[in-house]
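Coordinates as given in data_22.json (JSON, C-alpha atoms and all ligand atoms):
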[["chain", "number", "residue", "atom", "x", "y", "z"],
["A", 155, "MET", "CA", 175.39, 14.78, 242.34],
["A", 156, "LYS", "CA", 176.61, 11.19, 242.48],
["A", 157, "LEU", "CA", 174.83, 8.41, 240.60],
["A", 158, "HIS", "CA", 174.34, 5.24, 242.68],
["A", 159, "GLU", "CA", 176.15, 2.20, 241.19],
["A", 160, "ASP", "CA", 173.02, 0.01, 241.33],
["A", 161, "VAL", "CA", 171.08, 2.66, 239.43],
["A", 162, "LYS", "CA", 173.81, 3.27, 236.86],
["A", 163, "ALA", "CA", 173.97, -0.48, 236.16],
["A", 164, "GLN", "CA", 170.30, -0.51, 235.16],
["A", 165, "ALA", "CA", 170.69, 2.52, 232.91],
["A", 166, "ASP", "CA", 173.68, 0.87, 231.21],
["A", 167, "GLU", "CA", 171.38, -1.94, 230.10],
["A", 168, "LEU", "CA", 169.06, 0.42, 228.20],
["A", 169, "THR", "CA", 169.26, 0.21, 224.43],
["A", 170, "LEU", "CA", 168.22, 3.63, 223.21],
["A", 171, "ASP", "CA", 168.13, 5.12, 219.73],
["A", 172, "ARG", "CA", 170.10, 8.39, 219.75],
["A", 173, "SER", "CA", 167.79, 9.89, 217.14],
["A", 174, "ARG", "CA", 164.38, 9.30, 218.77],
["A", 175, "PRO", "CA", 162.84, 11.61, 221.37],
["A", 176, "LEU", "CA", 162.94, 10.21, 224.89],
["A", 177, "MET", "CA", 160.30, 10.31, 227.63],
["A", 178, "LEU", "CA", 161.40, 9.54, 231.18],
["A", 179, "VAL", "CA", 158.25, 8.84, 233.14],
["A", 180, "ASP", "CA", 157.76, 8.36, 236.88],
["A", 181, "ALA", "CA", 155.44, 5.55, 237.98],
["A", 182, "ASP", "CA", 153.78, 6.26, 241.36],
["A", 183, "GLU", "CA", 151.00, 8.84, 241.00],
["A", 184, "VAL", "CA", 151.85, 9.33, 237.30],
["A", 185, "ILE", "CA", 151.17, 6.04, 235.50],
["A", 186, "LEU", "CA", 150.27, 3.87, 238.52],
["A", 187, "GLN", "CA", 147.83, 4.83, 241.26],
["A", 188, "PHE", "CA", 149.70, 5.42, 244.49],
["A", 189, "ALA", "CA", 147.59, 7.45, 246.94],
["A", 190, "SER", "CA", 144.43, 5.37, 246.56],
["A", 191, "CYS", "CA", 146.42, 2.15, 246.91],
["A", 192, "LEU", "CA", 148.30, 3.53, 249.91],
["A", 193, "GLU", "CA", 144.97, 4.38, 251.54],
["A", 194, "GLU", "CA", 143.87, 0.79, 251.15],
["A", 195, "PHE", "CA", 147.11, -0.42, 252.73],
["A", 196, "LEU", "CA", 146.83, 2.07, 255.60],
["A", 197, "HIS", "CA", 143.25, 1.02, 256.20],
["A", 198, "GLU", "CA", 144.40, -2.58, 256.56],
["A", 199, "ASN", "CA", 146.88, -1.41, 259.19],
["A", 200, "GLU", "CA", 144.46, 0.65, 261.30],
["A", 201, "LEU", "CA", 145.82, 3.88, 259.85],
["A", 202, "TYR", "CA", 144.56, 6.52, 257.41],
["A", 203, "PHE", "CA", 145.86, 9.24, 255.11],
["A", 204, "ASP", "CA", 144.57, 12.66, 256.13],
["A", 205, "MET", "CA", 145.49, 14.52, 252.89],
["A", 206, "ALA", "CA", 145.67, 17.84, 254.74],
["A", 207, "SER", "CA", 148.73, 18.73, 252.65],
["A", 208, "PHE", "CA", 150.86, 17.25, 249.87],
["A", 209, "ALA", "CA", 153.09, 15.21, 252.18],
["A", 210, "LEU", "CA", 153.13, 11.86, 253.92],
["A", 211, "THR", "CA", 154.83, 13.23, 257.02],
["A", 212, "GLY", "CA", 152.23, 14.42, 259.51],
["A", 213, "ASN", "CA", 149.32, 13.09, 257.46],
["A", 214, "ILE", "CA", 149.45, 9.36, 258.20],
["A", 215, "LYS", "CA", 147.33, 8.95, 261.29],
["A", 216, "ARG", "CA", 146.15, 6.20, 263.62],
["A", 217, "LYS", "CA", 142.45, 5.42, 263.48],
["A", 218, "ALA", "CA", 142.51, 4.79, 267.21],
["A", 219, "ASP", "CA", 143.51, 8.28, 268.35],
["A", 220, "ASP", "CA", 143.86, 10.42, 265.17],
["A", 221, "GLN", "CA", 147.50, 11.04, 266.00],
["A", 222, "ALA", "CA", 150.07, 11.25, 263.19],
["A", 223, "ILE", "CA", 152.70, 8.52, 263.22],
["A", 224, "ALA", "CA", 156.28, 9.70, 263.71],
["A", 225, "ALA", "CA", 158.27, 10.78, 260.65],
["A", 226, "GLU", "CA", 160.83, 8.05, 261.43],
["A", 227, "GLU", "CA", 158.16, 5.35, 261.08],
["A", 228, "ILE", "CA", 157.12, 6.38, 257.59],
["A", 229, "GLY", "CA", 160.09, 4.92, 255.70],
["A", 230, "ALA", "CA", 159.49, 1.41, 257.04],
["A", 231, "LEU", "CA", 155.75, 1.72, 256.46],
["A", 232, "ILE", "CA", 156.21, 2.74, 252.82],
["A", 233, "GLY", "CA", 158.74, -0.07, 252.44],
["A", 234, "GLN", "CA", 156.09, -2.53, 253.60],
["A", 235, "PHE", "CA", 153.54, -0.92, 251.27],
["A", 236, "PHE", "CA", 155.77, -1.69, 248.28],
["A", 237, "VAL", "CA", 156.34, -5.27, 249.47],
["A", 238, "GLU", "CA", 152.60, -5.89, 249.66],
["A", 239, "LYS", "CA", 151.14, -3.66, 246.97],
["A", 240, "THR", "CA", 153.58, -3.17, 244.08],
["A", 241, "GLU", "CA", 151.89, -5.87, 242.00],
["A", 242, "HIS", "CA", 148.41, -4.55, 242.77],
["A", 243, "GLN", "CA", 148.59, -0.86, 241.91],
["A", 244, "PRO", "CA", 146.05, -0.06, 239.18],
["A", 245, "PRO", "CA", 147.10, 2.11, 236.23],
["A", 246, "VAL", "CA", 146.27, 5.80, 236.19],
["A", 247, "LYS", "CA", 143.32, 6.52, 233.89],
["A", 248, "GLY", "CA", 144.46, 6.98, 230.31],
["A", 249, "ALA", "CA", 148.15, 6.29, 231.01],
["A", 250, "PRO", "CA", 148.52, 3.00, 229.07],
["A", 251, "GLU", "CA", 146.75, 4.43, 226.02],
["A", 252, "ALA", "CA", 148.66, 7.74, 226.06],
["A", 253, "LEU", "CA", 152.03, 6.01, 226.41],
["A", 254, "ALA", "CA", 151.17, 3.53, 223.64],
["A", 255, "SER", "CA", 150.35, 6.42, 221.34],
["A", 256, "LEU", "CA", 153.41, 8.47, 222.33],
["A", 257, "SER", "CA", 155.67, 5.45, 221.90],
["A", 258, "GLU", "CA", 155.01, 5.60, 218.15],
["A", 259, "ARG", "CA", 157.06, 8.81, 218.09],
["A", 260, "ALA", "CA", 159.25, 8.54, 221.17],
["A", 261, "GLN", "CA", 161.05, 5.98, 223.31],
["A", 262, "ILE", "CA", 159.78, 5.59, 226.84],
["A", 263, "VAL", "CA", 161.67, 4.64, 230.01],
["A", 264, "VAL", "CA", 160.04, 4.41, 233.44],
["A", 265, "VAL", "CA", 162.24, 6.01, 236.11],
["A", 266, "THR", "CA", 160.73, 5.10, 239.47],
["A", 267, "ASN", "CA", 161.80, 5.17, 243.09],
["A", 268, "VAL", "CA", 160.32, 1.74, 243.78],
["A", 269, "PRO", "CA", 162.79, -0.16, 246.01],
["A", 270, "LEU", "CA", 165.23, -2.28, 244.00],
["A", 271, "GLN", "CA", 163.80, -5.46, 245.62],
["A", 272, "GLN", "CA", 160.41, -4.70, 244.04],
["A", 273, "ARG", "CA", 161.70, -3.78, 240.58],
["A", 274, "GLU", "CA", 160.71, -7.12, 239.05],
["A", 275, "ALA", "CA", 157.23, -6.90, 240.59],
["A", 276, "ARG", "CA", 156.84, -3.41, 239.15],
["A", 277, "ILE", "CA", 157.93, -4.61, 235.70],
["A", 278, "ARG", "CA", 155.36, -7.43, 235.87],
["A", 279, "SER", "CA", 152.64, -5.04, 236.99],
["A", 280, "LEU", "CA", 153.36, -2.53, 234.23],
["A", 281, "LYS", "CA", 153.43, -5.32, 231.65],
["A", 282, "LYS", "CA", 150.07, -6.60, 232.89],
["A", 283, "HIS", "CA", 148.62, -3.13, 232.26],
["A", 284, "ASN", "CA", 150.09, -2.82, 228.75],
["A", 285, "MET", "CA", 152.98, -0.61, 229.83],
["A", 286, "ASP", "CA", 155.85, -2.86, 228.87],
["A", 287, "TYR", "CA", 158.68, -0.28, 228.99],
["A", 288, "PRO", "CA", 162.18, -0.48, 230.46],
["A", 289, "VAL", "CA", 162.22, 0.29, 234.18],
["A", 290, "VAL", "CA", 165.03, 1.95, 236.12],
["A", 291, "ALA", "CA", 164.60, 1.73, 239.91],
["A", 292, "ASN", "CA", 166.25, 4.91, 241.15],
["A", 293, "ILE", "CA", 167.43, 5.74, 244.65],
["A", 294, "GLY", "CA", 167.00, 9.31, 245.97],
["A", 295, "LEU", "CA", 166.57, 12.47, 243.92],
["A", 296, "LYS", "CA", 166.28, 11.93, 240.17],
["A", 297, "GLY", "CA", 168.65, 14.59, 238.79],
["A", 298, "ALA", "CA", 171.68, 12.32, 238.44],
["A", 299, "ILE", "CA", 169.93, 9.45, 236.68],
["A", 300, "ILE", "CA", 168.03, 11.77, 234.34],
["A", 301, "ARG", "CA", 171.32, 13.52, 233.45],
["A", 302, "TYR", "CA", 172.94, 10.15, 232.73],
["A", 303, "ILE", "CA", 170.10, 8.82, 230.54],
["A", 304, "ALA", "CA", 169.52, 12.14, 228.76],
["A", 305, "ASP", "CA", 173.12, 11.98, 227.52],
["A", 306, "MET", "CA", 172.25, 8.78, 225.64],
["A", 307, "VAL", "CA", 170.23, 10.65, 222.99],
["A", 308, "ASP", "CA", 170.61, 13.72, 220.73],
["A", 309, "THR", "CA", 166.90, 14.51, 220.73],
["A", 310, "PRO", "CA", 164.43, 16.31, 223.01],
["A", 311, "VAL", "CA", 164.08, 14.62, 226.41],
["A", 312, "TYR", "CA", 160.98, 14.85, 228.59],
["A", 313, "PHE", "CA", 160.65, 14.14, 232.32],
["A", 314, "ILE", "CA", 157.28, 13.59, 234.02],
["A", 315, "ASP", "CA", 156.96, 13.37, 237.82],
["A", 316, "ASP", "CA", 154.56, 14.29, 240.61],
["A", 317, "LEU", "CA", 157.15, 15.43, 243.17],
["A", 318, "PRO", "CA", 158.43, 19.04, 242.97],
["A", 319, "HIS", "CA", 161.79, 18.12, 244.51],
["A", 320, "ASN", "CA", 162.46, 15.68, 241.66],
["A", 321, "LEU", "CA", 161.61, 18.34, 239.08],
["A", 322, "THR", "CA", 163.97, 20.76, 240.84],
["A", 323, "SER", "CA", 166.70, 18.13, 240.97],
["A", 324, "VAL", "CA", 166.37, 17.54, 237.22],
["A", 325, "ALA", "CA", 166.36, 21.30, 236.56],
["A", 326, "GLN", "CA", 169.65, 21.52, 238.45],
["A", 327, "GLU", "CA", 171.36, 18.57, 236.75],
["A", 328, "ALA", "CA", 169.77, 18.56, 233.29],
["A", 329, "ASP", "CA", 168.13, 21.91, 232.64],
["A", 330, "GLU", "CA", 167.60, 21.16, 228.92],
["A", 331, "VAL", "CA", 165.18, 18.34, 229.80],
["A", 332, "HIS", "CA", 161.56, 19.44, 229.36],
["A", 333, "ARG", "CA", 159.76, 18.93, 232.68],
["A", 334, "ILE", "CA", 156.11, 18.13, 233.25],
["A", 335, "HIS", "CA", 154.53, 18.18, 236.70],
["A", 336, "PHE", "CA", 151.83, 15.51, 236.81],
["A", 337, "ILE", "CA", 149.64, 14.54, 239.79],
["A", 338, "ALA", "CA", 147.06, 11.89, 238.98],
["A", 339, "ASP", "CA", 145.04, 11.80, 242.21],
["A", 340, "GLU", "CA", 142.45, 14.61, 242.06],
["A", 341, "ARG", "CA", 142.49, 15.18, 245.80],
["A", 342, "LEU", "CA", 146.28, 15.51, 245.90],
["A", 343, "ALA", "CA", 146.38, 17.64, 242.76],
["A", 344, "LYS", "CA", 144.16, 20.21, 244.50],
["A", 345, "LEU", "CA", 146.67, 20.53, 247.34],
["A", 346, "LEU", "CA", 149.58, 21.65, 245.20],
["A", 347, "GLY", "CA", 150.13, 24.25, 242.48],
["A", 348, "PRO", "CA", 152.45, 23.76, 239.50],
["A", 349, "ALA", "CA", 156.01, 23.00, 240.59],
["A", 350, "GLU", "CA", 158.33, 25.96, 240.20],
["A", 351, "ASP", "CA", 160.79, 23.97, 238.11],
["A", 352, "SER", "CA", 158.24, 22.54, 235.67],
["A", 353, "HIS", "CA", 157.38, 23.79, 232.18],
["A", 354, "HIS", "CA", 153.85, 22.44, 232.30],
["A", 355, "ARG", "CA", 151.42, 21.09, 234.86],
["A", 356, "ALA", "CA", 149.09, 18.25, 233.90],
["A", 357, "ASP", "CA", 146.59, 16.36, 236.02],
["A", 358, "SER", "CA", 145.29, 14.05, 233.31],
["A", 359, "TRP", "CA", 146.82, 11.94, 230.57],
["A", 360, "ASP", "CA", 144.56, 13.61, 228.00],
["A", 361, "ASP", "CA", 146.22, 16.91, 228.84],
["A", 362, "ALA", "CA", 149.76, 15.52, 229.07],
["A", 363, "HIS", "CA", 149.34, 13.59, 225.83],
["A", 364, "ALA", "CA", 148.06, 16.62, 223.91],
["A", 365, "TYR", "CA", 150.85, 18.80, 225.33],
["A", 366, "LEU", "CA", 153.58, 16.27, 224.48],
["A", 367, "ASP", "CA", 152.20, 15.72, 220.98],
["A", 368, "ARG", "CA", 152.23, 19.45, 220.35],
["A", 369, "HIS", "CA", 155.70, 19.92, 221.84],
["A", 370, "LEU", "CA", 157.13, 17.07, 219.78],
["A", 371, "ALA", "CA", 155.61, 18.53, 216.59],
["A", 372, "ASP", "CA", 157.08, 21.95, 217.43],
["A", 373, "GLN", "CA", 160.51, 20.30, 217.71],
["A", 374, "GLY", "CA", 160.06, 18.69, 214.29],
["A", 375, "PHE", "CA", 159.23, 15.15, 215.45],
["B", 401, "MG", "MG", 155.82, 9.59, 241.91]]

Take the structure in the file and give it back as C-alpha cells.
Ligand SMILES: [Mg+2]
Amino acid sequence: MKLHEDVKAQADELTLDRSRPLMLVDADEVILQFASCLEEFLHENELYFDMASFALTGNIKRKADDQAIAAEEIGALIGQFFVEKTEHQPPVKGAPEALASLSERAQIVVVTNVPLQQREARIRSLKKHNMDYPVVANIGLKGAIIRYIADMVDTPVYFIDDLPHNLTSVAQEADEVHRIHFIADERLAKLLGPAEDSHHRADSWDDAHAYLDRHLADQGF
C-alpha cells in the first residue's frame, strides 16, 4: 500500500519519543461529533440522514420526496460539510478528559481523513476543545500511514477508529498495532457490531480509557 506524499510529509514533521507508548486516534465519530453535526448540515440543505444502516450511501435522503441522493453526489456533499462545519464539530463526551489523562503515559497523534484544506481548521477546533495534539490529515485507507508512524516508536501502538475498513487496513499493514473500534454516536453504534479486525469495541470514552489504562499497565507502562 502506497503512502501519499502529502500525508508522509505531515508524518515526517512529528517529533515522537521512541520509548513512549503511542495512540493514533481518529477524529470524526471518535473524538469529534460527526453524525449529529452532519445531520444539522443536511437539515440546512433540505436533506436528512436516515440511519437505516451504518453507511452514508443510500441513507442521505431528500426531505421533499424521501429519495436517497446518488452515491456520486455524496463525495461533494461531504466535502462541503467539512468546509462549513469543521470548526463547529463539538467534542465527543469524555474525549478531551480521557486523552488528557492518557497523554500522561502515552503520546497522542490524531490521524483523520479530514480534507487537507481543512487541516488547519481541525487543528484550531481540537485546540479549542483542549485536544491540542498533532494532526495528520490522511487520504484513503489508514493502513499505510499507521504503518509509517508505528515504525517511529519501539513501544505498544494503539489505533482507534469508527470505520471497520480502516481497522482492517491497519490489521493488514501493521498487525502488531492494537486496534480499538469506537463509535461515539449511540444510534450508529447500535447499527454495527464489533469490527472483525478490532481487539476491543468501545462506545464511550469511559470504557476506552479504562481499557487502554489496563492494557498499558499489562505492557509495563
Ligand atoms: Mg471516523

query = Expressed in Å to a single decimal, how great is the separation between CA of Glu159 in chain A and CA of Arg276 in chain A?
reply =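 CA of Arg276 in chain A lies at a distance of 20.2 Å from CA of Glu159 in chain A.
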
message = So that I can check the surroundings of range 357-369 of chain A, please list as a list in words every protein, DNA and RNA residue that reaches within 6 Å of it, counting all atoms listed in the file and ignoring chain neighbours fewer than 4 positions away.
response = Gly248, Ala249, Ala252, Phe336, Ile337 and Ala338 of chain A

request  = Find the spatial neighbours of range 258-274 of chain A, counting only C-alpha atoms, within a cut-off of 9 Å - ignore same-chain residues fewer than 6 positions away - and output them as a ChimeraX atom specification.
outcome  = /A:160-161,168,170-171,174-182,233,236-237,240-241,287-296,299-300,367,370,375

key: Top pick for closest residue to ligand MG 401 (chain B), considering A:Ile185, A:Ala356, A:Val331, A:Ala298 and counting only C-alpha atoms and all ligand atoms   =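 Ranked by minimum distance to ligand MG 401 (chain B), first place goes to A:Ile185.
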
query = Any idea what the distance is between CA of Glu193 in chain A and CA of Ser323 in chain A?
reply =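 Taking CA of Glu193 in chain A as the start and CA of Ser323 in chain A as the end point, the length is 27.8 Å.
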
key: range 203-213 of chain A environment, 10 Å, all atoms listed in the file, sequence neighbours closer than 5 positions dropped, as a PyMOL selection string   = chain A and resi 189-190+192-194+196-197+220-229+232+317+341-346

ask   = Do you have the CA of Ser279 in chain A-CA of Pro244 in chain A distance handy?
value = 8.5 Å

Filled-in N, CA and C atoms of range 259-292 of chain A, supplied as an mmCIF file, in the frame of the given file:
data_model
loop_
_atom_site.group_PDB
_atom_site.id
_atom_site.type_symbol
_atom_site.label_atom_id
_atom_site.label_comp_id
_atom_site.auth_asym_id
_atom_site.auth_seq_id
_atom_site.Cartn_x
_atom_site.Cartn_y
_atom_site.Cartn_z
ATOM 1 N N ARG A 259 156.162 7.708 218.488
ATOM 2 C CA ARG A 259 157.060 8.810 218.090
ATOM 3 C C ARG A 259 158.250 8.967 219.022
ATOM 4 N N ALA A 260 158.185 8.326 220.179
ATOM 5 C CA ALA A 260 159.250 8.540 221.170
ATOM 6 C C ALA A 260 159.555 7.221 221.884
ATOM 7 N N GLN A 261 160.738 7.131 222.482
ATOM 8 C CA GLN A 261 161.050 5.980 223.310
ATOM 9 C C GLN A 261 160.744 6.342 224.764
ATOM 10 N N ILE A 262 160.252 5.350 225.481
ATOM 11 C CA ILE A 262 159.780 5.590 226.840
ATOM 12 C C ILE A 262 160.568 4.735 227.826
ATOM 13 N N VAL A 263 161.008 5.367 228.922
ATOM 14 C CA VAL A 263 161.670 4.640 230.010
ATOM 15 C C VAL A 263 160.981 5.069 231.313
ATOM 16 N N VAL A 264 160.637 4.102 232.144
ATOM 17 C CA VAL A 264 160.040 4.410 233.440
ATOM 18 C C VAL A 264 161.166 4.563 234.459
ATOM 19 N N VAL A 265 161.226 5.745 235.078
ATOM 20 C CA VAL A 265 162.240 6.010 236.110
ATOM 21 C C VAL A 265 161.492 6.194 237.431
ATOM 22 N N THR A 266 161.563 5.169 238.268
ATOM 23 C CA THR A 266 160.730 5.100 239.470
ATOM 24 C C THR A 266 161.582 4.933 240.713
ATOM 25 N N ASN A 267 161.066 5.407 241.840
ATOM 26 C CA ASN A 267 161.800 5.170 243.090
ATOM 27 C C ASN A 267 161.253 3.961 243.852
ATOM 28 N N VAL A 268 160.709 2.995 243.129
ATOM 29 C CA VAL A 268 160.320 1.740 243.780
ATOM 30 C C VAL A 268 161.612 1.089 244.317
ATOM 31 N N PRO A 269 161.563 0.480 245.508
ATOM 32 C CA PRO A 269 162.790 -0.160 246.010
ATOM 33 C C PRO A 269 163.297 -1.218 245.016
ATOM 34 N N LEU A 270 164.605 -1.350 244.935
ATOM 35 C CA LEU A 270 165.230 -2.280 244.000
ATOM 36 C C LEU A 270 164.660 -3.703 244.131
ATOM 37 N N GLN A 271 164.338 -4.107 245.366
ATOM 38 C CA GLN A 271 163.800 -5.460 245.620
ATOM 39 C C GLN A 271 162.439 -5.658 244.947
ATOM 40 N N GLN A 272 161.734 -4.569 244.659
ATOM 41 C CA GLN A 272 160.410 -4.700 244.040
ATOM 42 C C GLN A 272 160.435 -4.332 242.546
ATOM 43 N N ARG A 273 161.617 -4.177 241.990
ATOM 44 C CA ARG A 273 161.700 -3.780 240.580
ATOM 45 C C ARG A 273 161.033 -4.808 239.664
ATOM 46 N N GLU A 274 161.295 -6.074 239.902
ATOM 47 C CA GLU A 274 160.710 -7.120 239.050
ATOM 48 C C GLU A 274 159.180 -7.125 239.166
ATOM 49 N N ALA A 275 158.686 -6.942 240.383
ATOM 50 C CA ALA A 275 157.230 -6.900 240.590
ATOM 51 C C ALA A 275 156.634 -5.709 239.837
ATOM 52 N N ARG A 276 157.342 -4.593 239.865
ATOM 53 C CA ARG A 276 156.840 -3.410 239.150
ATOM 54 C C ARG A 276 156.829 -3.662 237.643
ATOM 55 N N ILE A 277 157.873 -4.298 237.133
ATOM 56 C CA ILE A 277 157.930 -4.610 235.700
ATOM 57 C C ILE A 277 156.748 -5.509 235.312
ATOM 58 N N ARG A 278 156.485 -6.518 236.140
ATOM 59 C CA ARG A 278 155.360 -7.430 235.870
ATOM 60 C C ARG A 278 154.034 -6.676 235.872
ATOM 61 N N SER A 279 153.874 -5.806 236.870
ATOM 62 C CA SER A 279 152.640 -5.040 236.990
ATOM 63 C C SER A 279 152.425 -4.119 235.792
ATOM 64 N N LEU A 280 153.482 -3.439 235.376
ATOM 65 C CA LEU A 280 153.360 -2.530 234.230
ATOM 66 C C LEU A 280 153.033 -3.316 232.956
ATOM 67 N N LYS A 281 153.668 -4.467 232.813
ATOM 68 C CA LYS A 281 153.430 -5.320 231.650
ATOM 69 C C LYS A 281 151.965 -5.757 231.602
ATOM 70 N N LYS A 282 151.462 -6.152 232.766
ATOM 71 C CA LYS A 282 150.070 -6.600 232.890
ATOM 72 C C LYS A 282 149.100 -5.510 232.437
ATOM 73 N N HIS A 283 149.496 -4.247 232.638
ATOM 74 C CA HIS A 283 148.620 -3.130 232.260
ATOM 75 C C HIS A 283 149.050 -2.488 230.936
ATOM 76 N N ASN A 284 149.671 -3.282 230.090
ATOM 77 C CA ASN A 284 150.090 -2.820 228.750
ATOM 78 C C ASN A 284 151.060 -1.641 228.785
ATOM 79 N N MET A 285 151.929 -1.638 229.780
ATOM 80 C CA MET A 285 152.980 -0.610 229.830
ATOM 81 C C MET A 285 154.330 -1.315 229.948
ATOM 82 N N ASP A 286 154.645 -2.039 228.888
ATOM 83 C CA ASP A 286 155.850 -2.860 228.870
ATOM 84 C C ASP A 286 157.059 -2.014 228.408
ATOM 85 N N TYR A 287 157.553 -1.171 229.299
ATOM 86 C CA TYR A 287 158.680 -0.280 228.990
ATOM 87 C C TYR A 287 159.824 -0.590 229.947
ATOM 88 N N PRO A 288 161.055 -0.252 229.537
ATOM 89 C CA PRO A 288 162.180 -0.480 230.460
ATOM 90 C C PRO A 288 161.972 0.289 231.765
ATOM 91 N N VAL A 289 162.404 -0.302 232.861
ATOM 92 C CA VAL A 289 162.220 0.290 234.180
ATOM 93 C C VAL A 289 163.577 0.468 234.867
ATOM 94 N N VAL A 290 163.848 1.687 235.300
ATOM 95 C CA VAL A 290 165.030 1.950 236.120
ATOM 96 C C VAL A 290 164.536 2.276 237.532
ATOM 97 N N ALA A 291 164.948 1.469 238.504
ATOM 98 C CA ALA A 291 164.600 1.730 239.910
ATOM 99 C C ALA A 291 165.673 2.645 240.485
ATOM 100 N N ASN A 292 165.304 3.895 240.664
ATOM 101 C CA ASN A 292 166.250 4.910 241.150
ATOM 102 C C ASN A 292 166.270 4.939 242.672
#
